[in-house]
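Chemist: The structure file data-v1.txt (compact mmCIF, C-alpha atoms) is provided below.
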# COMPACT_ATOMS: atom_id res chain seq x y z
CA MET A 65 150.07 19.80 -97.58
CA SER A 66 147.41 17.45 -98.95
CA GLU A 67 147.52 14.38 -101.15
CA LEU A 68 145.41 12.75 -103.84
CA TRP A 69 144.85 9.08 -103.07
CA LEU A 70 143.27 6.19 -104.93
CA LYS A 71 141.82 4.09 -102.15
CA ASP A 72 144.88 3.32 -99.96
CA THR A 73 147.59 4.47 -102.39
CA LYS A 74 149.02 7.97 -102.68
CA VAL A 75 148.90 9.29 -106.25
CA LEU A 76 149.87 12.99 -105.96
CA THR A 77 151.50 15.19 -103.35
CA LEU A 78 149.93 18.66 -103.36
CA LYS A 79 150.62 22.14 -102.12
CA ASP A 80 147.68 24.04 -100.65
CA LEU A 81 146.48 27.62 -100.59
CA GLU A 82 143.97 28.68 -97.95
CA GLY A 83 142.92 25.09 -97.36
CA VAL A 84 142.46 24.24 -101.04
CA PRO A 85 144.77 21.98 -103.12
CA SER A 86 146.44 24.45 -105.49
CA GLU A 87 149.59 22.94 -106.98
CA ILE A 88 151.10 19.54 -107.80
CA SER A 89 154.30 19.03 -105.84
CA LYS A 90 155.05 15.43 -106.82
CA VAL A 91 153.57 12.62 -108.91
CA ASP A 92 153.85 9.59 -106.64
CA ALA A 93 152.05 6.94 -108.73
CA PRO A 94 151.71 7.96 -112.39
CA GLU A 95 150.15 4.61 -113.31
CA LEU A 96 147.18 5.41 -111.02
CA LEU A 97 146.41 8.92 -112.26
CA PRO A 98 142.86 9.76 -113.34
CA LEU A 99 142.61 9.28 -117.11
CA SER A 100 142.18 13.01 -117.76
CA LEU A 101 145.58 13.61 -116.11
CA LYS A 102 147.45 10.65 -117.63
CA ASP A 103 148.99 12.48 -120.58
CA ASP A 104 149.29 15.97 -119.15
CA CYS A 105 149.50 15.98 -115.36
CA THR A 106 149.77 19.72 -114.82
CA THR A 107 148.48 21.85 -111.98
CA GLU A 108 146.05 23.51 -114.42
CA ASN A 109 144.57 20.19 -115.52
CA PHE A 110 144.41 18.96 -111.93
CA LYS A 111 142.37 22.05 -110.97
CA LYS A 112 139.99 21.36 -113.88
CA TRP A 113 139.62 17.77 -112.73
CA LEU A 114 138.96 18.97 -109.17
CA ASP A 115 136.46 21.61 -110.33
CA ALA A 116 134.52 18.89 -112.15
CA ARG A 117 134.02 17.20 -108.77
CA SER A 118 131.92 20.09 -107.48
CA VAL A 119 128.31 21.24 -107.52
CA PRO A 120 128.05 23.34 -110.71
CA GLU A 121 127.17 27.01 -110.33
CA LYS A 122 124.31 26.42 -112.79
CA ARG A 123 122.77 23.66 -110.65
CA GLU A 124 119.05 24.39 -110.39
CA GLY A 125 118.19 25.50 -106.86
CA ARG A 126 121.77 26.39 -105.90
CA ALA A 127 121.10 30.14 -105.70
CA GLU A 128 118.02 29.51 -103.55
CA VAL A 129 120.00 27.26 -101.20
CA ILE A 130 122.71 29.90 -100.76
CA LYS A 131 120.10 32.59 -100.12
CA GLU A 132 118.20 30.53 -97.54
CA PHE A 133 121.16 29.07 -95.70
CA GLY A 134 123.34 32.13 -95.84
CA THR A 135 126.69 31.09 -97.30
CA GLU A 136 128.33 29.62 -100.38
CA SER A 137 130.86 27.84 -98.16
CA ILE A 138 128.44 24.93 -97.75
CA PHE A 139 129.57 23.84 -101.22
CA LYS A 140 133.23 23.85 -100.28
CA ASN A 141 134.47 20.30 -100.49
CA LYS A 142 136.96 18.74 -98.14
CA ASN A 143 137.97 15.28 -99.27
CA TYR A 144 136.33 15.23 -102.73
CA ALA A 145 135.28 11.59 -102.28
CA SER A 146 132.70 10.37 -104.77
CA LEU A 147 130.32 7.52 -105.54
CA THR A 148 131.59 7.21 -109.13
CA ASP A 149 135.25 6.41 -108.37
CA GLN A 150 137.69 5.91 -105.49
CA TYR A 151 139.84 9.05 -105.65
CA TRP A 152 139.92 11.35 -102.62
CA ILE A 153 141.99 14.11 -100.99
CA LYS A 154 143.84 13.23 -97.80
CA TRP A 155 144.73 16.05 -95.39
CA ARG A 156 146.00 14.44 -92.22
CA SER A 157 145.42 10.96 -90.83
CA GLU A 158 142.18 10.10 -92.67
CA THR A 159 141.84 6.61 -94.12
CA TRP A 160 139.97 5.31 -97.15
CA LYS A 161 138.13 2.88 -94.87
CA LYS A 162 136.59 5.78 -92.95
CA VAL A 163 136.26 8.28 -95.82
CA ASN A 164 134.60 6.28 -98.59
CA PHE A 165 130.86 6.51 -99.25
CA PHE A 166 130.48 2.88 -100.32
CA THR A 167 130.80 1.35 -96.84
CA ASN A 168 129.96 4.33 -94.62
CA PHE A 169 126.79 6.30 -94.00
CA TYR A 170 126.97 9.91 -95.16
CA ASP A 171 125.30 13.21 -94.24
CA LYS A 172 121.97 14.43 -95.64
CA ASP A 173 122.01 18.19 -95.04
CA ILE A 174 123.08 19.20 -98.58
CA GLY A 175 120.52 16.97 -100.25
CA ASN A 176 117.81 18.16 -97.88
CA MET A 177 118.62 21.79 -98.69
CA PHE A 178 117.68 21.15 -102.32
CA PHE A 179 114.64 18.92 -101.76
CA MET A 180 113.43 19.36 -98.16
CA PRO A 181 114.82 22.67 -96.85
CA TRP A 182 112.23 22.70 -94.07
CA ASN A 183 114.17 19.81 -92.52
CA VAL A 184 117.40 21.83 -92.20
CA ALA A 185 117.72 24.49 -89.52
CA VAL A 186 119.68 27.64 -90.40
CA GLN A 187 122.92 27.50 -88.41
CA LYS A 188 126.62 28.32 -88.57
CA THR A 189 127.81 24.90 -89.71
CA TYR A 190 126.22 22.02 -91.58
CA LYS A 191 126.94 18.35 -92.06
CA THR A 192 128.67 18.21 -95.44
CA ASN A 193 130.30 14.79 -95.55
CA THR A 194 128.32 13.69 -98.59
CA PRO A 195 128.77 12.58 -102.23
CA ASP A 196 126.25 15.28 -103.17
CA LEU A 197 129.21 17.68 -103.26
CA THR A 198 130.96 15.70 -106.02
CA THR A 199 127.94 15.06 -108.25
CA GLY A 200 127.78 17.04 -111.49
CA GLY A 201 124.90 18.11 -113.71
CA VAL A 202 122.50 21.04 -113.91
CA LEU A 203 119.38 19.30 -112.61
CA ARG A 204 118.77 18.98 -108.88
CA LYS A 205 119.92 15.62 -107.56
CA ARG A 206 120.99 13.86 -104.42
CA TRP A 207 122.25 10.49 -103.19
CA LEU A 208 120.38 8.43 -100.60
CA GLN A 209 121.23 5.14 -98.91
CA ASN A 210 119.59 1.87 -98.03
CA GLN A 211 120.20 0.27 -94.65
CA ASP A 212 122.94 -1.90 -96.20
CA LYS A 213 124.70 1.36 -97.23
CA SER A 214 124.10 0.81 -100.94
CA SER A 215 123.21 4.08 -102.67
CA TYR A 216 120.66 5.32 -105.16
CA LEU A 217 120.48 8.58 -107.10
CA ILE A 218 117.45 10.88 -107.02
CA LYS A 219 117.16 13.36 -109.91
CA ALA A 220 114.52 16.04 -110.48
CA GLY A 221 113.15 17.32 -113.75
CA SER A 222 113.92 20.77 -115.11
CA LYS A 223 111.89 23.82 -114.12
CA ASP A 224 110.77 24.36 -117.71
CA THR A 225 109.47 20.92 -118.69
CA HIS A 226 109.37 18.70 -115.56
CA GLN A 227 109.48 15.73 -117.96
CA GLU A 228 112.99 14.28 -117.54
CA PRO A 229 112.00 11.73 -114.84
CA LEU A 230 109.24 10.36 -117.07
CA SER A 231 111.57 10.19 -120.07
CA GLU A 232 114.19 8.27 -118.08
CA VAL A 233 111.60 5.68 -117.04
CA LEU A 234 110.14 5.36 -120.56
CA VAL A 235 113.57 4.68 -122.09
CA SER A 236 114.30 2.21 -119.30
CA VAL A 237 111.14 0.28 -120.23
CA PHE A 238 111.90 0.49 -123.97
CA ALA A 239 115.51 -0.68 -123.60
CA GLU A 240 114.58 -3.51 -121.25
CA GLN A 241 112.01 -4.83 -123.69
CA LEU A 242 114.41 -4.42 -126.61
CA GLY A 243 116.92 -6.48 -124.64
CA LYS A 244 120.05 -5.60 -126.60
CA ILE A 245 122.25 -3.67 -124.16
CA PRO A 246 122.21 -3.02 -120.40
CA CYS A 247 120.26 0.06 -119.34
CA VAL A 248 119.97 1.65 -115.92
CA LYS A 249 116.55 0.87 -114.46
CA TYR A 250 114.75 4.06 -113.54
CA ASP A 251 111.66 4.32 -111.33
CA MET A 252 109.46 7.24 -110.39
CA TRP A 253 110.11 8.84 -106.99
CA VAL A 254 108.86 11.80 -104.99
CA GLU A 255 111.52 13.52 -102.90
CA GLY A 256 109.99 16.09 -100.58
CA VAL A 257 107.38 17.56 -102.91
CA THR A 258 109.38 17.08 -106.12
CA ILE A 259 108.76 14.46 -108.81
CA CYS A 260 112.03 12.68 -109.56
CA SER A 261 113.56 9.62 -111.11
CA LYS A 262 115.38 7.05 -108.98
CA CYS A 263 118.12 4.60 -109.95
CA ASP A 264 120.61 2.41 -108.11
CA ASN A 265 124.31 3.23 -108.23
CA PHE A 266 125.94 0.84 -110.71
CA ILE A 267 129.47 1.69 -109.53
CA THR A 268 130.95 -0.35 -106.69
CA ILE A 269 133.90 0.08 -104.34
CA ASP A 270 136.04 -1.75 -106.95
CA THR A 271 134.98 0.07 -110.12
CA GLU A 272 134.95 3.60 -111.51
CA LEU A 273 132.87 5.39 -114.12
CA VAL A 274 134.91 6.91 -116.95
CA PRO A 275 132.98 9.42 -119.11
CA ALA A 276 133.65 8.98 -122.84
CA TYR A 277 135.30 12.40 -123.18
CA MET A 278 138.18 11.25 -120.95
CA ILE A 279 139.31 8.66 -123.49
CA TYR A 280 138.07 10.54 -126.56
CA ASN A 281 140.30 13.56 -125.88
CA ARG A 282 143.43 11.54 -125.09
CA ILE A 283 144.02 10.72 -128.76
CA PRO A 284 144.06 13.34 -131.54
CA LYS A 285 141.12 13.13 -133.94
CA GLU A 286 142.22 12.50 -137.50
CA GLU A 287 141.25 14.81 -140.34
CA ASN A 288 137.82 13.93 -141.74
CA GLU A 289 137.30 11.35 -138.97
CA SER A 290 133.73 11.39 -137.64
CA VAL A 291 132.90 11.52 -133.95
CA TYR A 292 131.60 7.96 -134.22
CA ASP A 293 134.71 6.60 -135.92
CA HIS A 294 137.03 8.36 -133.48
CA LEU A 295 135.09 7.11 -130.47
CA ILE A 296 135.19 3.53 -131.75
CA ARG A 297 138.93 3.86 -132.45
CA VAL A 298 139.80 5.15 -128.98
CA CYS A 299 137.66 2.41 -127.42
CA ASP A 300 139.70 -0.15 -129.37
CA ILE A 301 142.97 1.47 -128.26
CA HIS A 302 141.83 1.36 -124.62
CA GLU A 303 140.73 -2.27 -125.09
CA ILE A 304 137.16 -1.74 -123.89
CA PRO A 305 135.23 -5.00 -124.39
CA GLY A 306 131.92 -4.74 -126.25
CA ALA A 307 132.24 -1.00 -126.90
CA LYS A 308 131.22 -0.92 -130.58
CA GLU A 309 128.16 -3.12 -130.13
CA PHE A 310 127.03 -1.01 -127.18
CA ILE A 311 127.56 2.31 -128.98
CA ASP A 312 125.69 1.07 -132.06
CA TRP A 313 122.67 0.00 -130.02
CA MET A 314 122.85 3.19 -127.94
CA ILE A 315 122.56 5.28 -131.11
CA PHE A 316 119.72 3.05 -132.26
CA ILE A 317 117.80 3.46 -128.98
CA ASP A 318 118.36 7.23 -128.97
CA SER A 319 117.02 7.37 -132.52
CA ALA A 320 114.01 5.21 -131.70
CA THR A 321 113.10 7.27 -128.62
CA GLY A 322 113.77 10.75 -130.01
CA ASN A 323 116.79 11.53 -127.80
CA GLU A 324 119.07 14.01 -129.55
CA ASP A 325 121.07 14.98 -126.47
CA ARG A 326 123.57 12.11 -126.27
CA ASN A 327 127.06 13.48 -125.73
CA LEU A 328 130.52 12.43 -124.55
CA GLY A 329 129.58 13.34 -120.98
CA ASN A 330 126.64 10.91 -120.70
CA ILE A 331 128.28 7.93 -122.38
CA GLY A 332 130.30 5.99 -119.84
CA PHE A 333 132.69 3.07 -119.47
CA ILE A 334 133.50 1.07 -116.36
CA ARG A 335 137.08 0.48 -115.26
CA ASP A 336 138.38 -1.85 -112.56
CA SER A 337 139.93 0.46 -109.97
CA ASN A 338 142.30 -2.27 -108.79
CA THR A 339 143.73 -3.42 -112.12
CA MET A 340 142.98 -0.14 -113.99
CA LYS A 341 141.65 -2.22 -116.90
CA PHE A 342 138.33 -1.54 -118.59
CA ILE A 343 135.49 -3.96 -117.89
CA GLY A 344 133.13 -2.63 -120.57
CA PRO A 345 130.53 0.08 -121.26
CA ALA A 346 128.43 1.44 -118.42
CA PRO A 347 124.71 0.67 -118.77
CA LEU A 348 122.76 3.23 -120.80
CA TYR A 349 121.87 6.20 -118.59
CA ASP A 350 120.85 9.87 -118.70
CA SER A 351 118.13 9.74 -121.36
CA GLY A 352 116.05 12.58 -119.93
CA ASN A 353 115.65 14.26 -123.32
CA ALA A 354 113.99 11.24 -124.93
CA TYR A 355 110.26 11.37 -125.76
CA TRP A 356 110.71 15.09 -125.11
CA SER A 357 107.80 16.34 -127.18
CA THR A 358 105.49 15.24 -129.95
CA THR A 359 107.56 17.28 -132.38
CA LYS A 360 110.80 15.48 -131.57
CA ILE A 361 109.09 12.11 -131.56
CA ASN A 362 107.45 12.51 -134.97
CA GLU A 363 109.95 14.64 -136.86
CA HIS A 364 113.45 13.65 -137.90
CA VAL A 365 115.84 15.71 -135.79
CA LYS A 366 119.22 14.03 -136.11
CA SER A 367 121.47 13.29 -133.16
CA LYS A 368 123.87 16.17 -132.57
CA MET A 369 126.83 13.78 -132.44
CA PHE A 370 125.91 10.68 -134.39
CA GLY A 371 123.38 11.87 -136.98
CA ASP A 372 125.54 10.62 -139.84
CA MET A 373 125.24 7.03 -138.53
CA GLU A 374 121.54 6.81 -137.68
CA ASN A 375 120.14 5.51 -140.98
CA LYS A 376 122.95 3.01 -141.47
CA LEU A 377 122.60 1.58 -137.99
CA PHE A 378 118.80 1.64 -138.05
CA LYS A 379 118.71 -0.40 -141.26
CA SER A 380 121.27 -2.94 -140.07
CA LEU A 381 119.93 -3.43 -136.52
CA LYS A 382 116.18 -3.10 -136.98
CA LYS A 383 115.81 -6.64 -138.33
CA ASP A 384 116.92 -8.00 -134.94
CA CYS A 385 114.17 -6.19 -133.00
CA ASP A 386 110.68 -7.28 -132.02
CA PHE A 387 108.92 -3.96 -132.43
CA GLU A 388 105.53 -5.67 -132.61
CA ALA A 389 105.85 -6.59 -128.92
CA ILE A 390 107.04 -3.09 -128.03
CA ALA A 391 104.12 -1.50 -129.90
CA LYS A 392 101.69 -3.66 -127.91
CA ASN A 393 103.24 -2.77 -124.55
CA GLY A 394 100.64 -0.82 -122.59
CA MET A 395 103.22 0.30 -120.01
CA PHE A 396 104.11 3.41 -122.03
CA GLN A 397 100.55 4.73 -121.92
CA LYS A 398 100.12 3.87 -118.21
CA LEU A 399 103.32 5.67 -117.28
CA VAL A 400 102.35 8.82 -119.17
CA GLU A 401 98.76 8.80 -117.90
CA ASN A 402 99.87 8.52 -114.27
CA TYR A 403 102.67 11.09 -114.47
CA PRO A 404 101.59 14.24 -112.57
CA GLY A 405 104.30 16.53 -113.90
CA ILE A 406 102.70 17.47 -117.24
CA THR A 407 99.28 18.67 -118.37
CA ASP A 408 96.52 16.34 -119.60
CA GLU A 409 96.80 17.91 -123.05
CA LYS A 410 100.48 17.08 -123.26
CA LYS A 411 99.83 13.59 -121.91
CA ASN A 412 97.31 12.90 -124.68
CA ASN A 413 99.62 14.29 -127.35
CA LEU A 414 102.56 12.29 -125.98
CA ILE A 415 100.58 9.04 -125.83
CA SER A 416 99.39 9.49 -129.40
CA ALA A 417 102.90 10.31 -130.61
CA ILE A 418 104.47 7.30 -128.87
CA LYS A 419 101.79 4.96 -130.23
CA GLU A 420 102.34 6.31 -133.73
CA ARG A 421 106.10 6.07 -133.43
CA ASN A 422 106.04 2.51 -132.08
CA HIS A 423 103.66 1.56 -134.90
CA ARG A 424 106.02 3.08 -137.46
CA LEU A 425 108.92 1.17 -135.97
CA THR A 426 107.16 -2.07 -136.94
CA LYS A 427 107.31 -1.04 -140.60
CA ASP A 428 110.26 -1.58 -142.91
CA LEU A 429 111.24 2.08 -143.05
CA SER A 430 114.44 4.08 -142.74
CA ILE A 431 114.82 6.74 -140.04
CA ASP A 432 114.42 9.49 -142.64
CA SER A 433 111.20 8.13 -144.13
CA MET A 434 109.83 7.15 -140.73
CA GLY A 435 110.41 10.53 -139.11
CA ARG A 436 112.13 10.95 -135.78
Using structure tokens, write down the structure that the file contains.
Modeler:
Amino acid sequence: MSELWLKDTKVLTLKDLEGVPSEISKVDAPELLPLSLKDDCTTENFKKWLDARSVPEKREGRAEVIKEFGTESIFKNKNYASLTDQYWIKWRSETWKKVNFFTNFYDKDIGNMFFMPWNVAVQKTYKTNTPDLTTGGVLRKRWLQNQDKSSYLIKAGSKDTHQEPLSEVLVSVFAEQLGKIPCVKYDMWVEGVTICSKCDNFITIDTELVPAYMIYNRIPKEENESVYDHLIRVCDIHEIPGAKEFIDWMIFIDSATGNEDRNLGNIGFIRDSNTMKFIGPAPLYDSGNAYWSTTKINEHVKSKMFGDMENKLFKSLKKDCDFEAIAKNGMFQKLVENYPGITDEKKNNLISAIKERNHRLTKDLSIDSMGR
């Protein structure tokens, strides 16, 4: 038997099969269930929730790690503890105080396998007490700690473009200068021999990150209701402070930086894990597809989710922005020039495209007439 706990409180009693939680036996604290289980706490949905707390099979480098270190069992999780919330699986006499990754040091073997495999000896067992096993996404990533046990996330670029780390940093600079909504601060980082982005964990031992899809899917979408309208409605129902203003500026920033890959998985909200009440939107994060290419910067390719709102929001919000100062910011060019992950030809094209786009943003133009 195992149990799902939220910090020091039991939430579910589970039956196990071959050492894996396989069936819900009892709901002990329905008010503390993860949001995706609130309305339909079935064994099937619990398994989906548990699967989402695993290294995806499509994670870049996963196949190479399995080949080099000999077994897929290294990705088998035990307690499913995370750095984005406080849920975990209890098997025997473990305690939240000893299990959590917020106040304890954790193992590095899994992260090293992806970024510094030469530092991990091939052996029968590995140290796998790490939040790296509950971190989603296709790109290679790992968590590391400071001496005070605070954590930061390291994320590599894709094999095809290598540009995501640069894009994250560029959007971070743009959003900070715009000054309208909080944005995760990204810096450049080299992990092993891989160019990455680095950002501090914005979740604490008393908060949890709730992806937008968890609240979006709880309430049926009305006929002819847009994704934008439905998202705003469910945010109102869940009483999330400042949600509409944040979403509007998020769409604006994505439009201004050429990011068409915003989705319900990389929009987040922060909830107090003690009161279970929402605090507000998470800072803007995961903008690796911004400034992707000169084509996407200069041509109007609408957002996959919010394209119907771009012009309206651009026209209404643009008057509150100092694009003259942004256009004069030499940081964009310096960052691109010093980024080693792309060719000089692409650097020159990207610099020219960003300069042209920032110049166009100073004009009184709509998104359509400006180009994306």
Chemist: Using only C-alpha atoms, which protein or nucleic acid residues come within 9 Å of Arg204 in chain A? Drop anything in the same chain fewer than 3 positions from it, and give the result as a VMD selection string.
Modeler: chain A and resid 123 to 126 178 to 179 201 218 to 222
Chemist: For the residues in the current selection, export C-alpha atoms as a compact mmCIF listing (two decimals), in the frame of the given file.
Modeler:
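Saved to selection.txt:
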# COMPACT_ATOMS: atom_id res chain seq x y z
CA ARG A 123 122.77 23.66 -110.65
CA GLU A 124 119.05 24.39 -110.39
CA GLY A 125 118.19 25.50 -106.86
CA ARG A 126 121.77 26.39 -105.90
CA PHE A 178 117.68 21.15 -102.32
CA PHE A 179 114.64 18.92 -101.76
CA GLY A 201 124.90 18.11 -113.71
CA ILE A 218 117.45 10.88 -107.02
CA LYS A 219 117.16 13.36 -109.91
CA ALA A 220 114.52 16.04 -110.48
CA GLY A 221 113.15 17.32 -113.75
CA SER A 222 113.92 20.77 -115.11
Chemist: How would you write as a ChimeraX atom specification the residues that get within 12 Å of (119.2, 0.2, -108.8) in the file's frame, counting all atoms listed in the file?
Modeler: /A:208-210,214-218,236,247-251,261-268,347,349
Chemist: Considering only C-alpha atoms, return as a list in words whatever protein or nucleic-acid residues lie within 8 Å of Met369 in chain A, sequence-local ones (same chain, fewer than 5 positions apart) excluded.
Modeler: Val291, Tyr292, Arg326 and Asn327 of chain A
Chemist: Could those selected residues go to a file with C-alpha atoms, as a PDB file, keeping the file's coordinate frame?
Modeler:
ATOM      1  CA  VAL A 291     132.900  11.520-133.950  1.00  0.00           C
ATOM      2  CA  TYR A 292     131.600   7.960-134.220  1.00  0.00           C
ATOM      3  CA  ARG A 326     123.570  12.110-126.270  1.00  0.00           C
ATOM      4  CA  ASN A 327     127.060  13.480-125.730  1.00  0.00           C
TER       5      ASN A 327
END
Chemist: Which one is closest to Pro195 in chain A: A:Ser100, A:Ser231, A:Ser118, A:Asn176? Count only C-alpha atoms.
Modeler: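 Among A:Ser100, A:Ser231, A:Ser118, A:Asn176, it is A:Ser118 that comes nearest to Pro195 in chain A.
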Chemist: Which one is closest to Leu99 in chain A: A:Trp356, A:Trp152, A:Tyr280, A:Trp253? Count only C-alpha atoms.
Modeler: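 Distance minimum relative to Leu99 in chain A lands on A:Tyr280.
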Chemist: Compare A:Ala354, A:Met177, A:Phe370, A:Thr198 by their minimum atom-to-atom distance to Ala320 in chain A, counting all atoms listed in the file, and give me the closest one.
Modeler: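 When distances to Ala320 in chain A are compared using all atoms listed in the file, the smallest one comes from A:Ala354.
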Chemist: Which is closer to Leu147 in chain A than all the others in A:Leu197, A:Glu128, A:Lys122, A:Lys112, using all atoms listed in the file?
Modeler: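 Closest to Leu147 in chain A, using all atoms listed in the file: A:Leu197.
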Chemist: Show which residues sit within 10 Å of Leu234 in chain A, as a list in words. Count all atoms listed in the file, and ignore same-chain residues fewer than 3 positions away.
Modeler: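 Residues near the query, excluding close chain neighbours: Glu228, Pro229, Leu230, Ser231, Val237, Phe238, Ala239, Glu240, Lys249, Tyr250, Asp251, Thr321, Ser351, Gly352, Ala354, Tyr355, Met395, Phe396, Gln397, Leu399 and Val400 of chain A.
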Chemist: Let me make sure I understand: among A:Val274, A:Leu425, A:Leu70, A:Ile406, which one has the smallest atom-to-atom distance to Ile259 in chain A if we use all atoms listed in the file?
Modeler: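 Smallest separation from Ile259 in chain A among the options: A:Ile406.
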Chemist: Using Å and a single decimal, report how far CA of Asp104 in chain A sits from CA of Glu67 in chain A.
Modeler: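 Spanning CA of Glu67 in chain A to CA of Asp104 in chain A is a straight-line distance of 18.2 Å.
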Chemist: Pick out the residues sitting within 10 Å of Pro345 in chain A, and hand them over as a PyMOL selection string; count only C-alpha atoms, and ignore anything fewer than 5 positions along from it in its own chain.
Modeler: chain A and resi 245-246+273-276+299+304-311+331-335
